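First comes the structure, then the notes that go with it.
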Amino acid sequence: MSNNKISTIIFSFDRAMQLSLLLKSLVQYDIFNRLNINILFCCSSPDYRKAYEKLQSQYSQFGWIEETIFNKPKLNSDFDFFYWHNFYWWVKYKYLRKYKSNFKQIILQILSGNRNESVMFLTDDSVFYRNLEIPDITDEKSGFSLRHGMHLSSGKYKKMENGIEWNVYENDEITDWGYPFSIDGHIYNKAALLKIIRKIIFNNPNTMEGNIACYFKEKHLPPQMKANKCSCLVGFELNCVQSVADNHHLGISQKQLNRYFLDDYQLQIQFNIDQIEYFRPAIEYICVQKKEEQIKIYPQ
């Protein structure tokens with residue numbers, strides 16, 4: 001097992017309580033200390049900022065960078081205008097013509113500011129549930145997933161001595177196995193991905209994932225993915241805090257969760273770990289707890 005660090009950027013917006021669950025799991029399960037963690041967060045009100053300040057004091061060992069929201073959106077020209085999809089997206093989607101924050105610039109700053117050879121992104125609606133075991137990622141034509149394993153359904157993969165391997169483009173693109181780029185626990189060669197990040201137009205996590213995935217698919221990058229036989233990361237969607245994509249979620253109020261967090265409650269989610277067929281498995285129940293007091297959130 002290598003000790004080489006992996007540049008890891010966690011995206012979070014108005015969800016300090018969910019993020020606290022992820023960071024707690026990272027401390028518990030990153031037993032080889034592989035992840036060099038920076039949290040890129042954004043908040044829409046003083047109460048959300050208080051929650052992030054509280055969380056930052058609890059996890060001061062990580063890097064914390066707040067996204068700067070501009071008073072006036074700026075014209076978006078930070079991409080390769082000669083790549084035809086960029087031009088198409090720029091013309092079709094008004095929200096891509098301008099950027100409201102320094103989101104992309106911070107990502108480039110973080111990744112360019114260290115010598116780590118690999119990079120991974122995470123979102124605040126995911127959590128680790130077993131130890132991280134990660135090989136070195138040096139091949140530009142392959143990646144490694146912490147969210148995949150033999151227990152996930154619908155995959156066409158090959159068993160290896162220490163894990164599994166599959167070709168993304170031999171799998172159904174609507175499944176977890178056929179999606180070429182993810183900001184939820186996929187590890188890539190950093191130098192190769194940096195070139196693509198600089199090239200592609202995006203201004204938030206959703207457009208970043210979608211537009212880079214489109215580029216990957218067009219160029220068949222990377223065709224090969226690897227994973228351990230069992231995943232160590234699962235996702236959960238309690239609420240939706242963006243308007244770019246209509247993601248499925250449980251409709252749990254992030255404002256209420258934020259109030260619970262400021263009042264020293266901790267989030268607890270019970271998955272059926274023995275029956276994980278998808279990256280986002282069924283949730284049995286959700287509660288918040290403070291000492292002996294427990295409040296059930298889901299199901300009602």
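Naming works like this for the structure tokens: A, B, ... for the chains as they're shown, residue 1 at the start of each chain, ligands 1 onward in shown order.
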query = Mind checking DSSP for stretch 108-237 of chain A and telling me the alpha helix (DSSP H) residues as a PyMOL selection string?
reply = chain A and resi 108-112+190-199+205-219
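Proximity to A:Val119 at 7 Å, evaluated using only C-alpha atoms and with sequence-adjacent residues fewer than 2 positions away removed, yields Ile6, Ser7, Thr8, Phe121, Ile187, Tyr188, Asn189 and Lys190 of chain A.
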Written selection (N, CA, C and O atoms) as a tab-separated table (two decimals), in the first residue's frame:
chain	number	residue	atom	x	y	z
A	6	ILE	N	-3.28	11.92	-2.11
A	6	ILE	CA	-4.24	12.17	-3.17
A	6	ILE	C	-4.89	13.53	-2.91
A	6	ILE	O	-5.51	13.73	-1.85
A	7	SER	N	-4.74	14.47	-3.83
A	7	SER	CA	-5.41	15.76	-3.70
A	7	SER	C	-6.92	15.53	-3.70
A	7	SER	O	-7.47	15.02	-4.68
A	8	THR	N	-7.57	15.92	-2.63
A	8	THR	CA	-9.01	15.66	-2.48
A	8	THR	C	-9.73	16.96	-2.20
A	8	THR	O	-9.42	17.66	-1.23
A	121	PHE	N	-12.48	14.06	-6.16
A	121	PHE	CA	-13.47	15.01	-5.66
A	121	PHE	C	-14.52	14.24	-4.86
A	121	PHE	O	-14.78	13.07	-5.11
A	187	ILE	N	-10.93	8.50	-8.58
A	187	ILE	CA	-9.56	9.01	-8.50
A	187	ILE	C	-8.92	8.97	-9.89
A	187	ILE	O	-9.03	7.96	-10.59
A	188	TYR	N	-8.27	10.07	-10.27
A	188	TYR	CA	-7.69	10.20	-11.60
A	188	TYR	C	-6.25	10.70	-11.50
A	188	TYR	O	-5.84	11.27	-10.49
A	189	ASN	N	-5.52	10.51	-12.59
A	189	ASN	CA	-4.20	11.12	-12.73
A	189	ASN	C	-4.38	12.64	-12.75
A	189	ASN	O	-5.11	13.18	-13.58
A	190	LYS	N	-3.70	13.35	-11.84
A	190	LYS	CA	-3.95	14.78	-11.69
A	190	LYS	C	-3.49	15.59	-12.88
A	190	LYS	O	-4.21	16.50	-13.35
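The residue that comes closest to A:Asn211, out of A:Ser253, A:Asn162, A:Asn116, A:Asn86 and on the basis of only C-alpha atoms, is A:Asn86.
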message = Show me, as a PyMOL selection string, the residues that have an atom within 9 Å of A:Lys226 when counting only C-alpha atoms, minus same-chain residues fewer than 5 positions from it.
response = chain A and resi 142-145+148+163-166
Closest-contact table, stretch 102-201 of chain A side, partner stretch 42-66 of chain A, 12 Å, counting only C-alpha atoms, as CSV:
residue,atom,partner,partner_atom,distance
A:Asn102,CA,A:Glu66,CA,9.7
A:Phe103,CA,A:Glu66,CA,9.4
A:Gln105,CA,A:Ile65,CA,11.7
A:Ile106,CA,A:Ile65,CA,8.2
A:Ile107,CA,A:Ile65,CA,10.1
A:Gln109,CA,A:Ile65,CA,10.9
A:Ile110,CA,A:Ile65,CA,9.7
A:Asp124,CA,A:Cys42,CA,11.7
Kindly export the residues of the current selection with N, CA, C and O atoms, as an mmCIF file, in the first residue's frame.
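See result_0.cif below for the written result:
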data_model
loop_
_atom_site.group_PDB
_atom_site.id
_atom_site.type_symbol
_atom_site.label_atom_id
_atom_site.label_comp_id
_atom_site.auth_asym_id
_atom_site.auth_seq_id
_atom_site.Cartn_x
_atom_site.Cartn_y
_atom_site.Cartn_z
ATOM 1 N N ASN A 102 -15.618 32.391 -7.864
ATOM 2 C CA ASN A 102 -14.288 31.942 -8.279
ATOM 3 C C ASN A 102 -14.139 30.432 -8.147
ATOM 4 O O ASN A 102 -13.050 29.927 -7.876
ATOM 5 N N PHE A 103 -15.213 29.692 -8.335
ATOM 6 C CA PHE A 103 -15.242 28.241 -8.146
ATOM 7 C C PHE A 103 -14.147 27.538 -8.944
ATOM 8 O O PHE A 103 -13.330 26.791 -8.388
ATOM 9 N N GLN A 105 -11.510 28.790 -10.451
ATOM 10 C CA GLN A 105 -10.178 29.302 -10.145
ATOM 11 C C GLN A 105 -9.619 28.661 -8.870
ATOM 12 O O GLN A 105 -8.419 28.370 -8.786
ATOM 13 N N ILE A 106 -10.487 28.419 -7.872
ATOM 14 C CA ILE A 106 -10.025 27.799 -6.633
ATOM 15 C C ILE A 106 -9.581 26.365 -6.887
ATOM 16 O O ILE A 106 -8.555 25.911 -6.359
ATOM 17 N N ILE A 107 -10.338 25.633 -7.688
ATOM 18 C CA ILE A 107 -9.961 24.255 -8.008
ATOM 19 C C ILE A 107 -8.588 24.215 -8.664
ATOM 20 O O ILE A 107 -7.724 23.416 -8.280
ATOM 21 N N GLN A 109 -6.263 26.435 -8.444
ATOM 22 C CA GLN A 109 -5.274 26.879 -7.467
ATOM 23 C C GLN A 109 -4.879 25.739 -6.533
ATOM 24 O O GLN A 109 -3.683 25.530 -6.256
ATOM 25 N N ILE A 110 -5.851 24.988 -6.054
ATOM 26 C CA ILE A 110 -5.568 23.882 -5.134
ATOM 27 C C ILE A 110 -4.740 22.806 -5.827
ATOM 28 O O ILE A 110 -3.718 22.340 -5.309
ATOM 29 N N ASP A 124 -20.689 16.702 -0.348
ATOM 30 C CA ASP A 124 -21.052 16.591 1.066
ATOM 31 C C ASP A 124 -22.197 15.621 1.334
ATOM 32 O O ASP A 124 -22.566 15.394 2.492
#
task = May I have the residues within 9 Å of A:Ser153 as a list in words, using only C-alpha atoms and disregarding those fewer than 3 positions away in the same chain?
result = Met150, Thr175, Asp176, Trp177, Ile276, Glu277 and Tyr278 of chain A
